[in-house]
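Next up, model_17.tsv (TSV, C-alpha atoms):
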chain	number	residue	atom	x	y	z
A	421	MET	CA	168.81	203.28	56.76
A	422	ASN	CA	171.63	205.54	55.65
A	423	HIS	CA	174.74	203.96	57.12
A	424	ILE	CA	177.02	206.78	56.09
A	425	GLU	CA	175.25	209.16	58.47
A	426	PHE	CA	174.05	206.59	60.94
A	427	ILE	CA	177.36	204.92	61.89
A	428	PRO	CA	179.30	208.11	62.79
A	429	ARG	CA	176.32	209.40	64.75
A	430	LYS	CA	176.06	206.17	66.69
A	431	LEU	CA	179.79	206.16	67.44
A	432	LYS	CA	179.62	209.74	68.72
A	433	GLU	CA	176.75	208.82	71.02
A	434	LYS	CA	178.62	205.82	72.41
A	435	PHE	CA	182.04	207.54	72.73
A	436	PRO	CA	181.36	211.22	73.41
A	437	SER	CA	184.96	211.95	74.38
A	438	VAL	CA	186.52	210.55	71.17
A	439	ASP	CA	187.07	212.81	68.18
A	440	PHE	CA	185.73	210.93	65.13
A	441	GLU	CA	186.55	212.29	61.71
A	442	ALA	CA	184.16	210.72	59.19
A	443	SER	CA	184.54	211.13	55.45
A	444	ASP	CA	182.52	209.74	52.58
A	445	TYR	CA	183.98	209.03	49.16
A	446	LYS	CA	181.55	207.55	46.61
A	447	GLY	CA	179.65	205.70	49.28
A	448	GLU	CA	182.77	204.44	51.07
A	449	LEU	CA	182.76	205.55	54.66
A	450	THR	CA	186.09	206.19	56.38
A	451	ILE	CA	186.33	207.01	60.06
A	452	LYS	CA	189.53	208.35	61.56
A	453	PHE	CA	190.23	208.59	65.28
A	454	ASP	CA	192.94	208.38	67.90
A	455	LYS	CA	194.75	205.02	68.15
A	456	LYS	CA	194.14	204.84	71.92
A	457	PHE	CA	190.53	203.87	71.32
A	458	ILE	CA	191.00	201.27	68.60
A	459	VAL	CA	190.08	198.19	70.64
A	460	ASP	CA	187.04	199.80	72.31
A	461	VAL	CA	185.67	201.14	69.05
A	462	CYS	CA	186.26	197.85	67.24
A	463	ARG	CA	184.61	195.82	69.96
A	464	PHE	CA	181.60	198.12	69.87
A	465	LEU	CA	181.32	197.94	66.08
A	466	GLN	CA	181.64	194.17	66.19
A	467	SER	CA	179.15	193.52	68.98
A	468	ASP	CA	176.48	196.21	68.54
A	469	SER	CA	173.24	194.56	67.45
A	470	GLU	CA	172.49	197.21	64.83
A	471	LEU	CA	175.97	197.22	63.25
A	472	GLU	CA	177.47	193.73	63.65
A	473	PHE	CA	180.77	194.25	61.82
A	474	LYS	CA	181.61	190.58	62.19
A	475	LEU	CA	184.25	190.33	59.47
A	476	CYS	CA	187.68	191.89	59.33
A	477	PRO	CA	188.91	191.11	55.81
A	478	ASP	CA	191.99	193.31	55.82
A	479	ILE	CA	194.38	195.26	57.98
A	480	THR	CA	197.19	197.21	56.37
A	481	ALA	CA	199.14	200.42	56.76
A	482	ILE	CA	200.31	203.46	54.84
A	483	ASP	CA	203.78	204.95	55.09
A	484	TRP	CA	203.60	208.69	54.45
A	485	ALA	CA	207.43	208.97	54.65
A	486	VAL	CA	207.77	212.64	55.58
A	487	ARG	CA	204.57	213.39	57.46
A	488	LYS	CA	204.58	214.05	61.19
A	489	ASN	CA	202.48	210.99	62.01
A	490	ARG	CA	204.42	208.77	59.68
A	491	PHE	CA	202.12	205.72	59.50
A	492	THR	CA	198.39	205.20	59.19
A	493	VAL	CA	197.00	201.80	60.12
A	494	VAL	CA	193.92	200.94	58.04
A	495	TYR	CA	191.23	198.45	59.03
A	496	ASN	CA	188.69	197.29	56.48
A	497	ILE	CA	185.71	195.73	58.19
A	498	PHE	CA	182.47	194.35	56.84
A	499	SER	CA	178.97	193.98	58.24
A	500	LEU	CA	177.12	190.97	56.85
A	501	LYS	CA	173.91	192.21	58.44
A	502	ASN	CA	173.93	195.57	56.66
A	503	ASN	CA	176.06	194.54	53.66
A	504	PHE	CA	178.26	197.54	54.41
A	505	ARG	CA	182.01	198.07	54.34
A	506	LEU	CA	183.68	200.46	56.74
A	507	ARG	CA	187.25	201.71	56.80
A	508	LEU	CA	188.90	202.72	60.07
A	509	LYS	CA	192.10	204.74	60.17
A	510	CYS	CA	194.46	205.47	63.05
A	511	ASP	CA	197.65	207.50	62.85
A	512	VAL	CA	200.81	206.02	64.36
A	513	ASP	CA	203.97	208.02	64.83
A	514	GLU	CA	207.45	206.62	64.32
A	515	SER	CA	208.54	207.60	67.85
A	516	ASP	CA	205.89	205.30	69.35
A	517	CYS	CA	205.45	202.82	66.55
A	518	SER	CA	202.75	200.71	68.12
A	519	ILE	CA	199.01	200.24	68.34
A	520	ASN	CA	196.82	197.88	70.35
A	521	SER	CA	196.02	194.58	68.70
A	522	VAL	CA	192.43	193.78	67.74
A	523	VAL	CA	192.92	190.01	67.73
A	524	SER	CA	190.64	189.87	70.79
A	525	VAL	CA	187.86	191.29	68.60
A	526	TRP	CA	188.48	189.50	65.30
A	527	GLN	CA	190.54	186.29	65.13
A	528	SER	CA	191.29	187.00	61.47
A	529	ALA	CA	193.29	190.04	62.54
A	530	ASN	CA	196.04	187.73	63.76
A	531	TRP	CA	197.81	187.08	60.46
A	532	GLN	CA	196.90	190.49	59.03
A	533	GLU	CA	198.58	192.24	61.93
A	534	ARG	CA	201.58	189.95	61.52
A	535	GLU	CA	201.75	190.96	57.85
A	536	THR	CA	201.53	194.65	58.71
A	537	PHE	CA	204.22	194.19	61.35
A	538	ASP	CA	206.44	192.38	58.83
A	539	MET	CA	206.05	194.96	56.08
A	540	TYR	CA	205.91	198.22	58.07
A	541	GLY	CA	207.40	197.44	61.47
A	542	ILE	CA	204.37	198.55	63.42
A	543	ASN	CA	204.16	196.77	66.77
A	544	PHE	CA	200.76	195.43	67.68
A	545	LYS	CA	200.62	195.43	71.47
A	546	ASN	CA	199.04	192.37	73.12
A	547	HIS	CA	199.25	190.37	69.90
A	548	PRO	CA	199.40	186.66	70.85
A	549	ASP	CA	202.13	185.71	68.35
A	550	LEU	CA	203.77	188.66	66.61
A	551	ARG	CA	206.22	186.95	64.26
A	552	ARG	CA	207.10	187.88	60.69
A	553	MET	CA	204.59	186.72	58.12
A	554	TYR	CA	206.55	186.62	54.84
A	555	MET	CA	210.18	187.55	55.29
A	556	PRO	CA	212.73	185.22	56.93
A	557	GLU	CA	212.74	185.42	60.71
A	558	GLU	CA	216.24	186.89	60.98
A	559	PHE	CA	215.57	189.62	58.41
A	560	GLU	CA	216.01	193.02	60.01
A	561	TYR	CA	214.15	195.43	57.75
A	562	HIS	CA	210.57	196.24	56.81
A	563	PRO	CA	210.24	196.15	53.01
A	564	LEU	CA	207.16	198.31	52.42
A	565	ARG	CA	208.60	201.29	54.25
A	566	LYS	CA	209.35	204.12	51.88
A	567	ASP	CA	213.03	204.23	52.86
A	568	PHE	CA	213.58	200.56	51.94
A	569	PRO	CA	215.33	200.28	48.54
A	570	LEU	CA	213.47	198.39	45.79
A	571	MET	CA	216.25	195.84	45.30
A	572	GLY	CA	216.68	195.32	49.03
A	573	ILE	CA	219.76	195.58	51.21
A	574	PRO	CA	222.71	193.58	49.85
A	575	ASP	CA	223.55	190.48	51.91
A	576	SER	CA	220.57	190.95	54.21
A	577	MET	CA	219.20	187.59	53.03
A	578	PRO	CA	222.04	185.10	52.48
A	579	LEU	CA	221.91	182.68	49.54
A	580	PRO	CA	223.27	179.14	49.78
A	581	LYS	CA	226.82	178.69	48.53
A	582	LYS	CA	227.17	177.63	44.93
B	104	MET	CA	216.06	151.43	13.51
B	105	GLY	CA	217.75	151.18	16.88
B	106	LEU	CA	219.35	148.21	18.47
B	107	GLU	CA	216.92	145.63	17.08
B	108	ALA	CA	218.57	145.82	13.68
B	109	TYR	CA	221.89	144.71	15.17
B	110	ILE	CA	220.31	141.92	17.16
B	111	LYS	CA	218.57	140.45	14.10
B	112	ASP	CA	221.85	140.56	12.24
B	113	SER	CA	224.33	138.90	14.57
B	114	GLY	CA	223.39	139.50	18.19
B	115	PHE	CA	226.58	141.50	18.83
B	116	LEU	CA	227.54	145.09	18.51
B	117	THR	CA	230.82	146.85	19.05
B	118	THR	CA	230.86	150.09	20.96
B	119	GLN	CA	232.55	151.92	23.76
B	120	LEU	CA	231.31	151.56	27.32
B	121	ASN	CA	231.29	155.36	27.60
B	122	ALA	CA	229.03	155.64	24.59
B	123	ILE	CA	226.51	153.05	25.72
B	124	ILE	CA	226.34	154.45	29.26
B	125	ALA	CA	225.84	157.96	27.90
B	126	TRP	CA	223.19	156.63	25.55
B	127	ALA	CA	221.36	154.94	28.42
B	128	ARG	CA	221.63	158.04	30.59
B	129	LYS	CA	220.34	160.44	28.00
B	130	SER	CA	217.46	158.18	27.02
B	131	SER	CA	216.00	158.05	30.51
B	132	VAL	CA	216.45	161.43	32.10
B	133	TRP	CA	214.25	161.41	35.18
B	134	PRO	CA	213.24	164.95	36.08
B	135	MET	CA	212.79	166.45	39.52
B	136	PRO	CA	209.78	168.73	38.94
B	137	MET	CA	210.72	171.73	41.08
B	138	GLY	CA	207.42	173.45	40.23
B	139	ILE	CA	207.31	176.67	42.20
B	140	SER	CA	204.87	178.80	40.24
B	141	CYS	CA	203.21	179.28	36.84
B	142	CYS	CA	205.97	177.62	34.77
B	143	ALA	CA	204.98	174.41	36.55
B	144	ILE	CA	201.66	174.47	34.68
B	145	GLU	CA	203.50	174.38	31.36
B	146	MET	CA	205.77	171.67	32.74
B	147	MET	CA	202.66	169.60	33.55
B	148	ALA	CA	201.35	170.30	30.05
B	149	ALA	CA	204.59	168.86	28.66
B	150	GLY	CA	203.65	165.59	30.35
B	151	ASP	CA	200.19	165.34	28.82
B	152	PRO	CA	199.37	163.20	25.73
B	153	LYS	CA	199.53	166.14	23.33
B	154	TYR	CA	203.16	167.05	24.01
B	155	ASP	CA	204.08	163.75	25.69
B	156	ILE	CA	207.44	164.08	27.38
B	157	ALA	CA	207.46	160.24	27.45
B	158	ARG	CA	208.70	160.32	23.85
B	159	PHE	CA	212.03	161.44	25.32
B	160	GLY	CA	212.08	158.96	28.19
B	161	SER	CA	211.36	161.62	30.80
B	162	GLU	CA	207.80	160.85	31.82
B	163	VAL	CA	208.81	159.61	35.27
B	164	MET	CA	208.62	162.81	37.25
B	165	ARG	CA	210.08	161.75	40.57
B	166	PHE	CA	208.95	163.64	43.62
B	167	THR	CA	211.90	162.40	45.60
B	168	PRO	CA	215.25	163.93	44.71
B	169	ARG	CA	217.04	160.61	45.33
B	170	GLN	CA	215.80	159.19	42.04
B	171	CYS	CA	216.34	162.20	39.78
B	172	ASP	CA	218.91	163.18	37.20
B	173	LEU	CA	217.53	166.52	36.07
B	174	MET	CA	216.11	169.35	38.11
B	175	ILE	CA	213.59	171.49	36.25
B	176	VAL	CA	213.34	174.68	38.31
B	177	ALA	CA	209.99	175.97	37.09
B	178	GLY	CA	208.99	179.23	38.71
B	179	THR	CA	210.00	182.29	40.67
B	180	VAL	CA	212.62	181.50	43.30
B	181	THR	CA	212.49	183.86	46.26
B	182	TYR	CA	215.28	184.34	48.76
B	183	LYS	CA	213.23	182.38	51.25
B	184	MET	CA	212.84	179.48	48.80
B	185	ALA	CA	216.47	179.42	47.63
B	186	PRO	CA	217.85	177.27	50.50
B	187	VAL	CA	215.05	174.76	49.92
B	188	VAL	CA	215.83	174.47	46.20
B	189	ARG	CA	219.51	174.10	46.99
B	190	LYS	CA	218.86	171.44	49.61
B	191	ILE	CA	216.80	169.37	47.19
B	192	TYR	CA	219.49	169.79	44.53
B	193	ASP	CA	222.13	168.60	47.00
B	194	GLN	CA	220.07	165.49	47.72
B	195	MET	CA	220.04	164.43	44.06
B	196	PRO	CA	222.65	161.79	43.20
B	197	GLU	CA	225.48	162.62	40.81
B	198	PRO	CA	225.55	163.10	37.87
B	199	LYS	CA	222.82	165.73	37.73
B	200	TRP	CA	221.71	168.54	35.47
B	201	VAL	CA	219.60	171.67	35.90
B	202	ILE	CA	217.19	173.46	33.58
B	203	ALA	CA	216.34	177.04	34.62
B	204	MET	CA	212.86	177.16	33.14
B	205	GLY	CA	211.48	180.59	32.33
B	206	ALA	CA	212.48	184.20	32.78
B	207	CYS	CA	212.19	184.27	36.59
B	208	THR	CA	214.65	181.48	37.23
B	209	SER	CA	217.02	182.68	34.52
B	210	SER	CA	217.22	186.34	35.52
B	211	GLY	CA	214.51	187.25	38.02
B	212	GLY	CA	212.25	188.07	35.08
B	213	MET	CA	209.64	190.70	35.68
B	214	TYR	CA	210.19	190.47	39.44
B	215	ARG	CA	212.93	193.05	39.82
B	216	SER	CA	212.39	193.13	43.53
B	217	TYR	CA	214.04	192.67	46.92
B	218	SER	CA	212.42	189.29	47.51
B	219	VAL	CA	213.24	187.45	44.25
B	220	VAL	CA	216.64	185.92	43.46
B	221	GLN	CA	217.83	187.56	40.24
B	222	GLY	CA	218.77	184.31	38.52
B	223	ILE	CA	219.17	180.91	40.19
B	224	ASP	CA	222.71	180.66	38.83
B	225	GLN	CA	223.65	182.65	41.93
B	226	PHE	CA	223.33	179.46	43.98
B	227	LEU	CA	222.93	176.56	41.50
B	228	PRO	CA	224.98	175.41	38.51
B	229	VAL	CA	222.61	175.79	35.54
B	230	ASP	CA	222.96	173.85	32.27
B	231	ILE	CA	220.14	175.33	30.19
B	232	TYR	CA	218.46	178.71	30.46
B	233	LEU	CA	215.02	178.37	28.92
B	234	ALA	CA	213.45	181.59	27.61
B	235	GLY	CA	209.77	182.42	27.88
B	236	CYS	CA	207.28	183.66	30.42
B	237	PRO	CA	206.21	180.93	30.75
B	238	PRO	CA	207.92	178.83	28.05
B	239	ARG	CA	205.61	176.68	25.93
B	240	PRO	CA	205.80	172.91	26.40
B	241	GLU	CA	207.56	172.59	23.02
B	242	ASN	CA	210.21	174.90	24.39
B	243	LEU	CA	210.70	172.72	27.45
B	244	LEU	CA	210.99	169.65	25.22
B	245	TYR	CA	213.61	171.50	23.18
B	246	ALA	CA	215.56	172.22	26.36
B	247	LEU	CA	215.27	168.57	27.30
B	248	MET	CA	216.69	167.57	23.91
B	249	LYS	CA	219.56	169.98	24.45
B	250	ILE	CA	220.21	168.38	27.84
B	251	GLN	CA	220.14	164.97	26.14
B	252	ASP	CA	222.73	166.19	23.64
B	253	LYS	CA	224.87	167.35	26.54
B	254	ILE	CA	224.49	164.08	28.41
B	255	GLY	CA	225.27	162.15	25.21
B	256	LYS	CA	228.65	163.85	25.06
B	257	THR	CA	229.63	162.93	28.62
B	258	LYS	CA	231.91	160.04	29.50
B	259	ALA	CA	231.18	157.70	32.37
B	260	SER	CA	234.77	158.15	33.52
B	261	GLN	CA	234.01	161.80	34.26
B	262	PHE	CA	231.79	160.72	37.13
B	263	HIS	CA	233.41	157.54	38.40
B	264	ASN	CA	235.49	159.15	41.15
B	265	ILE	CA	232.63	160.94	42.85
B	266	PRO	CA	232.41	159.28	46.26
B	267	ALA	CA	229.08	157.75	47.20
B	268	GLY	CA	228.59	159.95	50.23
B	269	ASP	CA	230.18	163.18	49.05
B	270	GLN	CA	231.65	164.78	52.16
B	271	SER	CA	232.51	168.02	50.42
B	272	ILE	CA	228.86	168.96	50.05
B	273	SER	CA	227.62	170.73	53.15
B	274	LEU	CA	223.89	170.98	53.31
B	275	PRO	CA	222.66	174.51	53.99
B	276	GLU	CA	220.63	175.26	57.07
B	277	LEU	CA	216.97	174.95	56.15
B	278	ASN	CA	215.82	178.51	56.58
B	279	VAL	CA	212.04	178.33	56.85
B	280	ILE	CA	209.50	178.99	59.55
B	281	ARG	CA	210.45	176.73	62.39
B	282	ASN	CA	207.31	176.18	64.40
B	283	ASN	CA	204.48	176.56	61.91
I'd like the structure from this file rewritten - as structure tokens, please.
Amino acid sequence: MNHIEFIPRKLKEKFPSVDFEASDYKGELTIKFDKKFIVDVCRFLQSDSELEFKLCPDITAIDWAVRKNRFTVVYNIFSLKNNFRLRLKCDVDESDCSINSVVSVWQSANWQERETFDMYGINFKNHPDLRRMYMPEEFEYHPLRKDFPLMGIPDSMPLPKK
Amino acid sequence: MGLEAYIKDSGFLTTQLNAIIAWARKSSVWPMPMGISCCAIEMMAAGDPKYDIARFGSEVMRFTPRQCDLMIVAGTVTYKMAPVVRKIYDQMPEPKWVIAMGACTSSGGMYRSYSVVQGIDQFLPVDIYLAGCPPRPENLLYALMKIQDKIGKTKASQFHNIPAGDQSISLPELNVIRNN
């Protein structure tokens, strides 16, 4: 079975109204679509008996800095049944910097969405516990954004007195 | 060698109290192993039979700060970790010394980044900066000998007026995840 042709075809059959943009780079399949459908598509990919993408090893984001849709949220998911990795991409604009959480589909998305929120400031709607993952709780910035300076913002993280 | 020669002779020796206290202090420096990252592996190696930190009276790594004289900060200190390191330092009884082991603790090292403190001397008084990434165990033993030299030159009277419960030290707020 050729997954690279099969998976986009199956998605188009299931969601005829969604515009899927599939691309193949050296056997790595990437599917891009509108962020509105993220939970529905993920639940289908996870539960369909032919696909069974049961693992979600990584969720991250890209900051394109100057592009119109500034962020892209990237989901790497894995099917144990087919031994196949799939990458999902959804654009998120800075004006509405949020996307629906997929914790209801994969439990492992919990901490990965917290990490993405911490580093990029993307809000995951309906996330059960959206706290910062790495930075101190009272920190106000998002370090992996392109406009964050390498050495940080002075005095944003206080040190103990000498 | 050592005191035994005097004891065999007459059983008495003449010295200053300062000197004998300093000698006792420097011969049993108990380290607080503040092992935060890879330098801690070399610090552990310094305790093994090949390098044998026991030769210098420092084999008792105490994992409670109350029993320590020397803090070996071994590893990258992030801004999130800094209050924890400082709190443990504040819990150590006086007199106390600090070795900044490795490039990260001395200057931030290769982590020139928003998250890493660029040198722990920004929030701790440091006695020895130990070069290396990570430093070899011999290097750590050399730093320990330097600390011993420094302790050997101290006078007990320098420390005698430090009150038991030092009120001037205010413990920093522990700034870590609260409900995890």
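Between Asp468 of chain A and the residues A:Arg487, A:Lys430, A:Ser437, A:Lys452, the shortest atom-to-atom distance, using all atoms listed in the file, involves A:Lys430.
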Inset, instruction - Show me which bits of chain A are within 8 Å of chain B, counting all atoms listed in the file, as a list in words. - result: Met555, Pro556, Glu557, Pro563, Pro569, Leu570, Met571, Gly572, Ile573, Met577, Pro578, Leu579, Pro580, Lys581 and Lys582 of chain A
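Every protein, DNA or RNA residue with an atom at most 6 Å from segment 522-529 of chain A, where all atoms listed in the file count and chain neighbours fewer than 3 positions away do not, is listed here: Val459, Arg463, Gln532 and Glu533 of chain A.
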Inset, instruction - List every protein, DNA or RNA residue with an atom no more than 12 Å from (212.3, 181.9, 28.4) in the file's coordinates, counting all atoms listed in the file, and format the result as a VMD selection string. - result: chain B and resid 142 145 177 to 178 202 to 213 231 to 243 245 to 246
Inset, instruction - State, in Å with one decimal place, the distance from atom CA of Met135 of chain B to atom CA of Cys171 of chain B. - result: 5.5 Å
Inset, instruction - Write out as a PyMOL selection string each polymer residue whose atoms come within 12 Å of segment 251-258 of chain B, counting all atoms listed in the file; drop sequence neighbours fewer than 6 positions from it. - result: chain B and resi 119-133+159-161+172-173+198-202+230-231+244-245
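Closest approach to Ile451 of chain A from the set A:Glu433, A:Glu425, A:Asp513, A:Glu472 is made by A:Glu425, with distances taken over only C-alpha atoms.
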Inset, instruction - Work out how far apart atom CA of Phe568 of chain A and atom CA of Asn530 of chain A are and give it in Å to one decimal. - result: 24.7 Å
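Within 9 Å of Arg165 of chain B, once only C-alpha atoms are used and residues closer than 2 positions along the same chain are dropped, the contacting residues are Trp133, Pro134, Met135, Pro136, Val163, Thr167, Pro168, Arg169, Gln170 and Cys171 of chain B.
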Legend entry - Expected answer as an NGL selection string: all residues with atoms within 9 Å of (208.8, 210.0, 53.8), all atoms listed in the file: :A and (483-487 or 490 or 565-567)
May I have the residues from that selection written out with C-alpha atoms, as a JSON list (two decimals), in the coordinates of the input?
[["chain", "number", "residue", "atom", "x", "y", "z"],
["A", 483, "ASP", "CA", 203.78, 204.95, 55.09],
["A", 484, "TRP", "CA", 203.60, 208.69, 54.45],
["A", 485, "ALA", "CA", 207.43, 208.97, 54.65],
["A", 486, "VAL", "CA", 207.77, 212.64, 55.58],
["A", 487, "ARG", "CA", 204.57, 213.39, 57.46],
["A", 490, "ARG", "CA", 204.42, 208.77, 59.68],
["A", 565, "ARG", "CA", 208.60, 201.29, 54.25],
["A", 566, "LYS", "CA", 209.35, 204.12, 51.88],
["A", 567, "ASP", "CA", 213.03, 204.23, 52.86]]
Inset, instruction - For atom CA of Lys509 of chain A and atom CA of Thr492 of chain A, determine how far apart the two atoms are, in Å to one decimal place. - result: 6.4 Å
Legend entry - Which residue of B:Ala259, B:Ile250, B:Ala108, B:Val229 approaches Val176 of chain B most closely, using all atoms listed in the file: B:Val229
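When only C-alpha atoms are used to measure the gap to Leu508 of chain A, the shortest distance among A:Asp478, A:Asn422, A:Tyr495, A:Leu564 belongs to A:Tyr495.
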Legend entry - Asp538 of chain A environment, 8 Å, only C-alpha atoms, sequence neighbours closer than 5 positions dropped, as a ChimeraX atom specification: /A:551-555,562-563
Print the selection's residues with C-alpha atoms to a file, as a short mmCIF file (atom, residue, chain, number, x, y, z; two decimals), in the coordinates of the input.
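Saved result, again-v8.cif, follows:
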data_model
loop_
_atom_site.label_atom_id
_atom_site.label_comp_id
_atom_site.auth_asym_id
_atom_site.auth_seq_id
_atom_site.Cartn_x
_atom_site.Cartn_y
_atom_site.Cartn_z
CA ARG A 551 206.22 186.95 64.26
CA ARG A 552 207.10 187.88 60.69
CA MET A 553 204.59 186.72 58.12
CA TYR A 554 206.55 186.62 54.84
CA MET A 555 210.18 187.55 55.29
CA HIS A 562 210.57 196.24 56.81
CA PRO A 563 210.24 196.15 53.01
#
